[in-house]
Amino acid sequence: MKLIKTITAAALAGTMLTSAAIAQDMQFFRIGTGGAGGTYFPIGGIIANAISNPPGSRACDEGGNCGVPGLVAMAQSTNASAHNVNAIQAGQMEAGLSGAATLHFAYHGTGKYEGNAKPDLRVIANLFPEDLHLVLPEGHALDGGLSGLEGQRVGIAQAGSGTQIAVELILADHGVTRDNMDEAELNNSQSAERIADGQLDAYFYAAGTPVAAMIQLDNTKGMELHNWSEAEIAQANETVPYYIASTIPAGTYPGVDYDVNTVAVSGMLVTNANIDDDLIYEITKAMWSETARKLLDNGHPKGAAITLETALDGIEGIGVPLHPGAERFYREIGMLD
């Protein structure tokens with residue numbers, strides 16, 4: 001009996017030591033994404049999974065995850081770009097996804113961020129293009145293009161989103177403002193539901209295709225997407241330079257059997273300059289591991305567009321620095337001089 005007690009006590013002590021070590025080594029990393037019906041949330045979840053390797057997990061070379069040892073990354077649903085850059089600057093989240101336009105405005109303190117710059121923002125990687133969808137009820141079209149939204153019930157995306165910032169700037173060029181339309185600040189899923197219920201005439205949302213809430217709308221009530229004219233695209237690009245010409249191919253949403261000309265902005269993974277350089281180096285390295293590649297390719301249709309080859313695309317143009325840890329990784333593999 002004494003021997004059993006001794007062994008039990010030793011095992012308990014060992015368990016306590018192991019638990020203490022696990023608690024000591026564990027590090028949490030919060031990633032701000034977007035609404036559940038968009039693209040940021042699932043993509044953020046895939047990235048969180050790829051870079052995580054909680055204490056006690058199998059090592060990468062033993063068939064386990066190839067994330068950062070001891071790291072537990074979590075994707076958090078938010079109001080998207082503007083919310084994320086604010087939270088990252090304030091230290092309320094370690095990282096987040098943001099459209100390039102919002103990131104530029106926030107870092108430089110211009111546009112809606114005039115006098116409210118976010119100088120601690122740093123880029124980890126360019127991710128994928130986000131197409132600006134202008135969703136209409138099935139069988140409907142805009143008379144006179146974007147100016148036809150005057151007097152209509154229009155979803156302009158939720159407060160705190162990069163979509164809303166860009167949409168208000170773009171619509172103003174066509175004489176459409178909050179004063180002459182019935183605007184609604186709703187997330188993607190809420191907007192799709194209101195289109196289906198006949199409570200909205202149109203709504204905007206920028207996201208990587210295909211968008212879950214739009215797939216559901218397309219499969220139930222049906223929908224149309226506004227096909228932007230060359231003049232509308234040129235004007236949008238002049239007003240918000242980070243929105244460039246793009247095309248949503250026919251069949252992306254089965255009920256939309258025509259190519260849709262629109263504009264798109266790059267979605268980027270962003271962090272705070274004060275996050276440890278070695279940690280961001282290891283996170284960046286884990287993002288581009290073979291394990292992460294499989295997760296991205298199999299986890300979401302837009303995951304295949306997130307590639308190491310395009311990780312630095314557009315970053316120089318927005319004038320927001322790379323985080324030193326990420327820069328070190330890209331320099332080591334020869335992507336930077």
# chains A, B, ... in the order shown; residues from 1 in each chain; ligands from 1
>>> select_by_dssp(residues="stretch 124-306 of chain A", states="strand (DSSP E or B)", output="CSV table (one decimal) with all heavy atoms, in the first residue's frame")
chain,number,residue,atom,x,y,z
A,124,ILE,N,1.6,41.3,-42.3
A,124,ILE,CA,2.2,40.0,-42.3
A,124,ILE,C,2.2,39.4,-43.7
A,124,ILE,O,3.2,38.9,-44.2
A,124,ILE,CB,1.5,39.0,-41.3
A,124,ILE,CG1,1.7,39.5,-39.9
A,124,ILE,CG2,2.1,37.6,-41.5
A,124,ILE,CD1,0.9,38.7,-38.9
A,125,ALA,N,1.1,39.6,-44.4
A,125,ALA,CA,1.0,39.0,-45.7
A,125,ALA,C,-0.2,39.5,-46.5
A,125,ALA,O,-1.3,39.8,-45.9
A,125,ALA,CB,0.9,37.5,-45.7
A,126,ASN,N,-0.1,39.7,-47.8
A,126,ASN,CA,-1.3,39.9,-48.7
A,126,ASN,C,-1.9,38.5,-48.8
A,126,ASN,O,-1.3,37.5,-48.9
A,126,ASN,CB,-0.8,40.4,-50.0
A,126,ASN,CG,-1.9,40.4,-51.0
A,126,ASN,OD1,-3.0,41.1,-50.9
A,126,ASN,ND2,-1.8,39.6,-52.1
A,127,LEU,N,-3.3,38.5,-48.8
A,127,LEU,CA,-4.0,37.2,-48.8
A,127,LEU,C,-4.7,36.9,-50.1
A,127,LEU,O,-4.3,36.1,-50.9
A,127,LEU,CB,-5.0,37.1,-47.6
A,127,LEU,CG,-4.3,37.2,-46.2
A,127,LEU,CD1,-5.4,37.2,-45.2
A,127,LEU,CD2,-3.3,36.1,-46.0
A,128,PHE,N,-5.8,37.6,-50.4
A,128,PHE,CA,-6.6,37.3,-51.6
A,128,PHE,C,-7.4,38.6,-52.0
A,128,PHE,O,-7.6,39.5,-51.2
A,128,PHE,CB,-7.6,36.2,-51.3
A,128,PHE,CG,-8.5,36.4,-50.1
A,128,PHE,CD1,-9.7,37.1,-50.3
A,128,PHE,CD2,-8.2,36.1,-48.8
A,128,PHE,CE1,-10.6,37.3,-49.2
A,128,PHE,CE2,-9.0,36.3,-47.7
A,128,PHE,CZ,-10.2,37.0,-48.0
A,129,PRO,N,-7.9,38.6,-53.2
A,129,PRO,CA,-8.7,39.7,-53.7
A,129,PRO,C,-10.1,39.6,-53.1
A,129,PRO,O,-10.7,38.5,-53.1
A,129,PRO,CB,-8.7,39.6,-55.2
A,129,PRO,CG,-8.4,38.2,-55.5
A,129,PRO,CD,-7.6,37.7,-54.3
A,130,GLU,N,-10.7,40.7,-52.7
A,130,GLU,CA,-12.1,40.8,-52.2
A,130,GLU,C,-12.9,41.5,-53.3
A,130,GLU,O,-12.7,42.7,-53.5
A,130,GLU,CB,-12.2,41.5,-50.9
A,130,GLU,CG,-11.3,40.9,-49.8
A,130,GLU,CD,-11.4,41.8,-48.6
A,130,GLU,OE1,-12.5,41.8,-47.9
A,130,GLU,OE2,-10.4,42.5,-48.2
A,131,ASP,N,-13.8,40.8,-53.9
A,131,ASP,CA,-14.7,41.5,-54.9
A,131,ASP,C,-15.8,42.2,-54.3
A,131,ASP,O,-16.5,41.7,-53.3
A,131,ASP,CB,-15.2,40.4,-55.9
A,131,ASP,CG,-14.2,39.8,-56.8
A,131,ASP,OD1,-13.6,40.6,-57.6
A,131,ASP,OD2,-13.9,38.6,-56.7
A,132,LEU,N,-16.1,43.4,-54.8
A,132,LEU,CA,-17.2,44.2,-54.3
A,132,LEU,C,-18.5,43.7,-55.0
A,132,LEU,O,-18.7,43.9,-56.2
A,132,LEU,CB,-17.0,45.7,-54.5
A,132,LEU,CG,-18.1,46.6,-53.9
A,132,LEU,CD1,-18.3,46.4,-52.4
A,132,LEU,CD2,-17.7,48.1,-54.2
A,133,HIS,N,-19.4,43.1,-54.2
A,133,HIS,CA,-20.6,42.6,-54.7
A,133,HIS,C,-21.7,43.6,-54.5
A,133,HIS,O,-21.8,44.2,-53.4
A,133,HIS,CB,-21.1,41.3,-54.0
A,133,HIS,CG,-20.2,40.1,-54.1
A,133,HIS,ND1,-18.9,40.1,-53.6
A,133,HIS,CD2,-20.4,38.9,-54.7
A,133,HIS,CE1,-18.4,38.9,-53.8
A,133,HIS,NE2,-19.2,38.2,-54.5
A,134,LEU,N,-22.5,43.9,-55.5
A,134,LEU,CA,-23.7,44.7,-55.3
A,134,LEU,C,-24.9,43.8,-55.7
A,134,LEU,O,-25.1,43.5,-56.8
A,134,LEU,CB,-23.7,46.0,-56.3
A,134,LEU,CG,-24.9,46.8,-56.3
A,134,LEU,CD1,-25.5,47.1,-54.9
A,134,LEU,CD2,-24.7,48.1,-57.0
A,135,VAL,N,-25.5,43.4,-54.6
A,135,VAL,CA,-26.5,42.3,-54.7
A,135,VAL,C,-27.9,42.9,-54.9
A,135,VAL,O,-28.3,43.9,-54.2
A,135,VAL,CB,-26.5,41.4,-53.5
A,135,VAL,CG1,-27.5,40.3,-53.6
A,135,VAL,CG2,-25.1,40.9,-53.2
A,136,LEU,N,-28.7,42.4,-55.9
A,136,LEU,CA,-30.0,42.8,-56.2
A,136,LEU,C,-31.0,41.6,-56.1
A,136,LEU,O,-30.6,40.5,-56.3
A,136,LEU,CB,-30.1,43.4,-57.6
A,136,LEU,CG,-29.1,44.6,-57.9
A,136,LEU,CD1,-29.1,44.8,-59.4
A,136,LEU,CD2,-29.4,45.8,-57.1
A,137,PRO,N,-32.3,41.9,-55.9
A,137,PRO,CA,-33.2,40.8,-56.0
A,137,PRO,C,-33.3,40.1,-57.3
A,137,PRO,O,-32.9,40.8,-58.3
A,137,PRO,CB,-34.6,41.4,-55.6
A,137,PRO,CG,-34.2,42.7,-54.9
A,137,PRO,CD,-32.9,43.1,-55.5
A,153,ARG,N,-33.7,51.4,-50.8
A,153,ARG,CA,-33.3,50.8,-49.5
A,153,ARG,C,-32.0,50.0,-49.7
A,153,ARG,O,-32.1,49.0,-50.4
A,153,ARG,CB,-34.4,50.0,-49.0
A,153,ARG,CG,-35.7,50.7,-48.7
A,153,ARG,CD,-36.9,49.7,-48.5
A,153,ARG,NE,-37.0,48.8,-49.7
A,153,ARG,CZ,-37.9,47.8,-49.7
A,153,ARG,NH1,-38.6,47.5,-48.6
A,153,ARG,NH2,-38.0,47.1,-50.8
A,154,VAL,N,-30.9,50.5,-49.2
A,154,VAL,CA,-29.6,50.0,-49.6
A,154,VAL,C,-28.8,49.6,-48.4
A,154,VAL,O,-28.6,50.4,-47.4
A,154,VAL,CB,-28.8,51.0,-50.4
A,154,VAL,CG1,-27.4,50.4,-50.9
A,154,VAL,CG2,-29.5,51.5,-51.6
A,155,GLY,N,-28.3,48.3,-48.4
A,155,GLY,CA,-27.4,47.9,-47.3
A,155,GLY,C,-26.0,48.3,-47.7
A,155,GLY,O,-25.5,48.0,-48.7
A,182,ASP,N,-32.2,55.3,-48.4
A,182,ASP,CA,-32.6,54.7,-47.1
A,182,ASP,C,-31.6,53.6,-46.8
A,182,ASP,O,-31.7,52.5,-47.1
A,182,ASP,CB,-34.0,54.1,-47.2
A,182,ASP,CG,-34.5,53.5,-45.9
A,182,ASP,OD1,-33.8,53.8,-44.8
A,182,ASP,OD2,-35.6,52.9,-45.8
A,183,GLU,N,-30.4,54.1,-46.1
A,183,GLU,CA,-29.3,53.1,-45.9
A,183,GLU,C,-29.6,52.2,-44.7
A,183,GLU,O,-30.3,52.6,-43.7
A,183,GLU,CB,-28.0,53.9,-45.8
A,183,GLU,CG,-27.6,54.3,-44.4
A,183,GLU,CD,-28.4,55.5,-43.9
A,183,GLU,OE1,-29.1,56.1,-44.7
A,183,GLU,OE2,-28.3,55.8,-42.7
A,184,ALA,N,-29.0,51.1,-44.7
A,184,ALA,CA,-29.0,50.1,-43.6
A,184,ALA,C,-27.7,49.6,-43.3
A,184,ALA,O,-27.0,49.1,-44.2
A,184,ALA,CB,-30.0,49.0,-44.0
A,202,ALA,N,-31.2,46.6,-52.5
A,202,ALA,CA,-29.8,46.3,-52.9
A,202,ALA,C,-28.9,46.3,-51.7
A,202,ALA,O,-29.2,46.9,-50.6
A,202,ALA,CB,-29.3,47.3,-53.9
A,203,TYR,N,-27.8,45.6,-51.8
A,203,TYR,CA,-26.8,45.7,-50.7
A,203,TYR,C,-25.4,45.4,-51.3
A,203,TYR,O,-25.2,44.7,-52.3
A,203,TYR,CB,-27.1,44.8,-49.5
A,203,TYR,CG,-26.6,43.4,-49.6
A,203,TYR,CD1,-25.4,43.0,-49.1
A,203,TYR,CD2,-27.5,42.4,-50.0
A,203,TYR,CE1,-25.0,41.7,-49.1
A,203,TYR,CE2,-27.1,41.0,-50.0
A,203,TYR,CZ,-25.8,40.7,-49.5
A,203,TYR,OH,-25.5,39.4,-49.5
A,204,PHE,N,-24.4,46.1,-50.6
A,204,PHE,CA,-23.0,45.9,-51.0
A,204,PHE,C,-22.3,45.0,-50.0
A,204,PHE,O,-22.6,45.1,-48.8
A,204,PHE,CB,-22.3,47.3,-51.0
A,204,PHE,CG,-22.7,48.3,-52.1
A,204,PHE,CD1,-23.8,49.1,-51.9
A,204,PHE,CD2,-22.0,48.3,-53.2
A,204,PHE,CE1,-24.1,50.1,-52.9
A,204,PHE,CE2,-22.3,49.2,-54.2
A,204,PHE,CZ,-23.4,50.1,-54.0
A,205,TYR,N,-21.3,44.3,-50.5
A,205,TYR,CA,-20.4,43.6,-49.6
A,205,TYR,C,-19.2,43.2,-50.4
A,205,TYR,O,-19.2,42.6,-51.5
A,205,TYR,CB,-21.1,42.3,-49.0
A,205,TYR,CG,-20.5,42.0,-47.7
A,205,TYR,CD1,-21.0,42.7,-46.5
A,205,TYR,CD2,-19.5,41.1,-47.5
A,205,TYR,CE1,-20.4,42.5,-45.3
A,205,TYR,CE2,-19.0,40.8,-46.2
A,205,TYR,CZ,-19.5,41.5,-45.1
A,205,TYR,OH,-18.9,41.3,-43.9
A,206,ALA,N,-18.0,43.5,-49.8
A,206,ALA,CA,-16.7,43.1,-50.4
A,206,ALA,C,-16.2,41.9,-49.7
A,206,ALA,O,-16.0,41.9,-48.5
A,206,ALA,CB,-15.7,44.3,-50.3
A,207,ALA,N,-15.9,40.8,-50.4
A,207,ALA,CA,-15.4,39.6,-49.9
A,207,ALA,C,-14.9,38.7,-50.9
A,207,ALA,O,-15.2,38.9,-52.1
A,207,ALA,CB,-16.6,38.9,-49.1
A,223,MET,N,-30.8,35.7,-56.9
A,223,MET,CA,-30.3,37.1,-56.8
A,223,MET,C,-29.7,37.5,-58.1
A,223,MET,O,-29.5,36.6,-59.0
A,223,MET,CB,-29.2,37.2,-55.7
A,223,MET,CG,-28.0,36.4,-56.0
A,223,MET,SD,-26.7,36.6,-54.7
A,223,MET,CE,-25.3,35.8,-55.5
A,224,GLU,N,-29.4,38.7,-58.2
A,224,GLU,CA,-28.6,39.3,-59.4
A,224,GLU,C,-27.4,40.0,-58.8
A,224,GLU,O,-27.5,40.5,-57.6
A,224,GLU,CB,-29.5,40.2,-60.2
A,224,GLU,CG,-30.8,39.7,-60.7
A,224,GLU,CD,-30.7,38.6,-61.7
A,224,GLU,OE1,-29.6,38.4,-62.3
A,224,GLU,OE2,-31.7,37.9,-62.0
A,225,LEU,N,-26.4,40.2,-59.6
A,225,LEU,CA,-25.3,41.0,-59.2
A,225,LEU,C,-25.1,42.2,-60.3
A,225,LEU,O,-25.2,41.9,-61.5
A,225,LEU,CB,-24.0,40.2,-59.2
A,225,LEU,CG,-23.9,39.2,-58.1
A,225,LEU,CD1,-22.6,38.4,-58.2
A,225,LEU,CD2,-23.9,39.8,-56.7
A,244,ILE,N,-9.5,47.9,-57.6
A,244,ILE,CA,-9.1,47.8,-59.0
A,244,ILE,C,-10.1,46.9,-59.8
A,244,ILE,O,-10.9,46.2,-59.1
A,244,ILE,CB,-7.7,47.2,-59.1
A,244,ILE,CG1,-7.7,45.8,-58.5
A,244,ILE,CG2,-6.7,48.1,-58.5
A,244,ILE,CD1,-6.3,45.1,-58.7
A,245,ALA,N,-10.1,47.0,-61.1
A,245,ALA,CA,-11.0,46.2,-61.9
A,245,ALA,C,-10.9,44.7,-61.7
A,245,ALA,O,-9.8,44.2,-61.5
A,245,ALA,CB,-10.8,46.5,-63.4
A,246,SER,N,-12.0,44.0,-61.6
A,246,SER,CA,-12.1,42.6,-61.4
A,246,SER,C,-13.3,42.0,-62.0
A,246,SER,O,-14.2,42.7,-62.4
A,246,SER,CB,-12.1,42.3,-59.8
A,246,SER,OG,-12.0,40.9,-59.6
A,247,THR,N,-13.3,40.7,-62.1
A,247,THR,CA,-14.5,40.0,-62.7
A,247,THR,C,-14.8,38.8,-61.8
A,247,THR,O,-14.0,38.0,-61.4
A,247,THR,CB,-14.2,39.5,-64.1
A,247,THR,OG1,-13.8,40.6,-64.9
A,247,THR,CG2,-15.4,38.8,-64.7
A,248,ILE,N,-16.1,38.7,-61.5
A,248,ILE,CA,-16.7,37.5,-60.8
A,248,ILE,C,-17.2,36.6,-62.0
A,248,ILE,O,-18.1,36.9,-62.6
A,248,ILE,CB,-17.8,37.9,-59.9
A,248,ILE,CG1,-17.3,38.9,-58.8
A,248,ILE,CG2,-18.4,36.6,-59.2
A,248,ILE,CD1,-18.4,39.4,-57.9
A,260,VAL,N,-19.5,39.1,-64.1
A,260,VAL,CA,-19.9,40.3,-63.5
A,260,VAL,C,-18.6,41.2,-63.3
A,260,VAL,O,-17.7,40.8,-62.7
A,260,VAL,CB,-20.5,40.0,-62.1
A,260,VAL,CG1,-20.7,41.4,-61.3
A,260,VAL,CG2,-21.7,39.2,-62.1
A,261,ASN,N,-18.6,42.3,-64.0
A,261,ASN,CA,-17.5,43.2,-63.9
A,261,ASN,C,-17.7,44.0,-62.6
A,261,ASN,O,-18.8,44.5,-62.4
A,261,ASN,CB,-17.5,44.2,-65.1
A,261,ASN,CG,-17.2,43.4,-66.4
A,261,ASN,OD1,-16.2,42.6,-66.4
A,261,ASN,ND2,-17.9,43.7,-67.5
A,262,THR,N,-16.7,44.2,-61.9
A,262,THR,CA,-16.8,44.9,-60.6
A,262,THR,C,-15.4,45.4,-60.2
A,262,THR,O,-14.5,45.5,-61.1
A,262,THR,CB,-17.3,44.0,-59.5
A,262,THR,OG1,-17.5,44.8,-58.3
A,262,THR,CG2,-16.5,42.8,-59.2
A,263,VAL,N,-15.2,45.8,-59.0
A,263,VAL,CA,-13.9,46.2,-58.5
A,263,VAL,C,-13.6,45.3,-57.3
A,263,VAL,O,-14.4,44.8,-56.6
A,263,VAL,CB,-13.9,47.7,-58.1
A,263,VAL,CG1,-13.9,48.6,-59.3
A,263,VAL,CG2,-15.0,48.0,-57.1
A,264,ALA,N,-12.3,45.2,-57.0
A,264,ALA,CA,-11.8,44.4,-55.9
A,264,ALA,C,-10.7,45.0,-55.1
A,264,ALA,O,-10.0,45.8,-55.7
A,264,ALA,CB,-11.4,43.0,-56.4
A,265,VAL,N,-10.6,44.7,-53.8
A,265,VAL,CA,-9.5,45.2,-53.0
A,265,VAL,C,-8.8,44.0,-52.4
A,265,VAL,O,-9.4,43.0,-52.1
A,265,VAL,CB,-10.1,46.1,-51.9
A,265,VAL,CG1,-11.0,45.4,-50.9
A,265,VAL,CG2,-9.0,46.9,-51.1
A,266,SER,N,-7.5,44.1,-52.1
A,266,SER,CA,-6.7,43.1,-51.5
A,266,SER,C,-7.0,43.0,-50.0
A,266,SER,O,-7.1,44.0,-49.3
A,266,SER,CB,-5.2,43.3,-51.7
A,266,SER,OG,-4.8,43.1,-53.0
A,267,GLY,N,-7.3,41.7,-49.5
A,267,GLY,CA,-7.4,41.5,-48.1
A,267,GLY,C,-6.0,41.1,-47.6
A,267,GLY,O,-5.3,40.3,-48.2
A,268,MET,N,-5.7,41.7,-46.4
A,268,MET,CA,-4.3,41.5,-45.9
A,268,MET,C,-4.4,41.0,-44.4
A,268,MET,O,-5.4,41.3,-43.7
A,268,MET,CB,-3.5,42.7,-46.0
A,268,MET,CG,-3.3,43.2,-47.4
A,268,MET,SD,-2.0,44.4,-47.6
A,268,MET,CE,-1.9,44.5,-49.4
A,269,LEU,N,-3.4,40.3,-44.0
A,269,LEU,CA,-3.2,39.9,-42.6
A,269,LEU,C,-2.3,40.9,-41.9
A,269,LEU,O,-1.2,41.1,-42.4
A,269,LEU,CB,-2.6,38.5,-42.5
A,269,LEU,CG,-2.5,38.0,-41.0
A,269,LEU,CD1,-3.8,37.9,-40.3
A,269,LEU,CD2,-1.8,36.6,-41.0
A,270,VAL,N,-2.8,41.5,-40.8
A,270,VAL,CA,-2.2,42.7,-40.2
A,270,VAL,C,-1.9,42.4,-38.7
A,270,VAL,O,-2.7,41.6,-38.1
A,270,VAL,CB,-3.1,43.9,-40.3
A,270,VAL,CG1,-2.4,45.2,-39.8
A,270,VAL,CG2,-3.5,44.1,-41.8
A,271,THR,N,-0.9,43.0,-38.2
A,271,THR,CA,-0.6,42.8,-36.8
A,271,THR,C,-0.1,44.2,-36.2
A,271,THR,O,-0.1,45.2,-36.9
A,271,THR,CB,0.5,41.7,-36.5
A,271,THR,OG1,0.6,41.4,-35.1
A,271,THR,CG2,1.8,42.1,-37.1
A,272,ASN,N,0.4,44.1,-35.0
A,272,ASN,CA,0.9,45.3,-34.3
A,272,ASN,C,2.4,45.3,-34.3
A,272,ASN,O,3.0,44.3,-34.1
A,272,ASN,CB,0.3,45.4,-32.9
A,272,ASN,CG,0.6,46.7,-32.2
A,272,ASN,OD1,1.8,47.0,-31.9
A,272,ASN,ND2,-0.4,47.4,-31.8
>>> residues_around(residues="A:Glu282", least_positions_apart="2", cutoff="9 Å", atoms="only C-alpha atoms", output="VMD selection string")
chain A and resid 51 67 to 68 277 to 280 284 to 287 325 to 326 329
>>> write_last_selection(atoms="N, CA and C atoms", output="mmCIF file, in the first residue's frame")
data_model
loop_
_atom_site.group_PDB
_atom_site.id
_atom_site.type_symbol
_atom_site.label_atom_id
_atom_site.label_comp_id
_atom_site.auth_asym_id
_atom_site.auth_seq_id
_atom_site.Cartn_x
_atom_site.Cartn_y
_atom_site.Cartn_z
ATOM 1 N N ILE A 51 -1.426 28.061 -37.878
ATOM 2 C CA ILE A 51 -0.298 28.583 -37.101
ATOM 3 C C ILE A 51 -0.298 28.086 -35.661
ATOM 4 N N GLY A 67 2.373 24.300 -36.787
ATOM 5 C CA GLY A 67 2.236 25.645 -36.258
ATOM 6 C C GLY A 67 3.356 25.985 -35.287
ATOM 7 N N VAL A 68 3.203 27.119 -34.624
ATOM 8 C CA VAL A 68 4.212 27.607 -33.692
ATOM 9 C C VAL A 68 4.061 26.869 -32.364
ATOM 10 N N ASP A 277 9.110 40.091 -32.479
ATOM 11 C CA ASP A 277 9.609 39.793 -33.825
ATOM 12 C C ASP A 277 9.747 38.288 -34.065
ATOM 13 N N ASP A 278 10.282 37.568 -33.085
ATOM 14 C CA ASP A 278 10.479 36.129 -33.256
ATOM 15 C C ASP A 278 9.146 35.402 -33.411
ATOM 16 N N LEU A 279 8.131 35.855 -32.672
ATOM 17 C CA LEU A 279 6.818 35.220 -32.777
ATOM 18 C C LEU A 279 6.241 35.415 -34.172
ATOM 19 N N ILE A 280 6.290 36.645 -34.683
ATOM 20 C CA ILE A 280 5.733 36.899 -36.013
ATOM 21 C C ILE A 280 6.549 36.180 -37.081
ATOM 22 N N THR A 284 4.699 33.624 -39.548
ATOM 23 C CA THR A 284 4.804 33.768 -41.002
ATOM 24 C C THR A 284 5.332 32.484 -41.628
ATOM 25 N N LYS A 285 6.329 31.900 -41.001
ATOM 26 C CA LYS A 285 6.884 30.636 -41.486
ATOM 27 C C LYS A 285 5.824 29.539 -41.476
ATOM 28 N N ALA A 286 5.046 29.468 -40.386
ATOM 29 C CA ALA A 286 4.004 28.441 -40.275
ATOM 30 C C ALA A 286 2.902 28.633 -41.304
ATOM 31 N N MET A 287 2.598 29.899 -41.641
ATOM 32 C CA MET A 287 1.552 30.179 -42.632
ATOM 33 C C MET A 287 1.846 29.554 -43.986
ATOM 34 N N GLY A 325 9.375 40.810 -38.131
ATOM 35 C CA GLY A 325 9.442 39.347 -38.096
ATOM 36 C C GLY A 325 9.067 38.735 -39.423
ATOM 37 N N ALA A 326 8.006 39.259 -40.058
ATOM 38 C CA ALA A 326 7.601 38.777 -41.380
ATOM 39 C C ALA A 326 8.655 39.144 -42.417
ATOM 40 N N PHE A 329 11.481 36.698 -42.452
ATOM 41 C CA PHE A 329 11.163 35.442 -43.124
ATOM 42 C C PHE A 329 11.261 35.587 -44.636
#
>>> residues_around(residues="A:Gly317", least_positions_apart="4", cutoff="12 Å", atoms="only C-alpha atoms", output="ChimeraX atom specification")
/A:100-101,103-104,126,241-242,266,312-313,321
>>> closest_atom_pairs(of="stretch 247-269 of chain A", to="stretch 209-217 of chain A", cutoff="10 Å", atoms="only C-alpha atoms", output="Markdown table")
| residue | atom | partner | partner_atom | distance |
| --- | --- | --- | --- | --- |
| A:Ile248 | CA | A:Thr209 | CA | 7.8 |
| A:Pro249 | CA | A:Thr209 | CA | 9.7 |
| A:Thr252 | CA | A:Pro210 | CA | 6.3 |
| A:Tyr253 | CA | A:Ile215 | CA | 6.3 |
| A:Pro254 | CA | A:Ile215 | CA | 8.3 |
| A:Gly255 | CA | A:Ile215 | CA | 9.2 |
>>> atom_distance(atom1="atom CA of A:Ser189", atom2="atom CA of A:Ala36")
7.7 Å
>>> atom_distance(atom1="atom CA of A:Ile156", atom2="atom CA of A:Glu185")
5.7 Å
>>> select_by_dssp(residues="stretch 90-292 of chain A", states="helix (DSSP H, G or I)", output="ChimeraX atom specification")
/A:90,100-108,111-113,145-149,162-172,188-196,212-220,230-239,277-287,290-292
>>> closest_residue(among="A:Phe28, A:Asn65, A:Gln190, A:Ile165", to="A:Lys294", atoms="only C-alpha atoms")
A:Asn65
>>> atom_distance(atom1="atom CA of A:Thr39", atom2="atom CA of A:Gly208")
5.7 Å
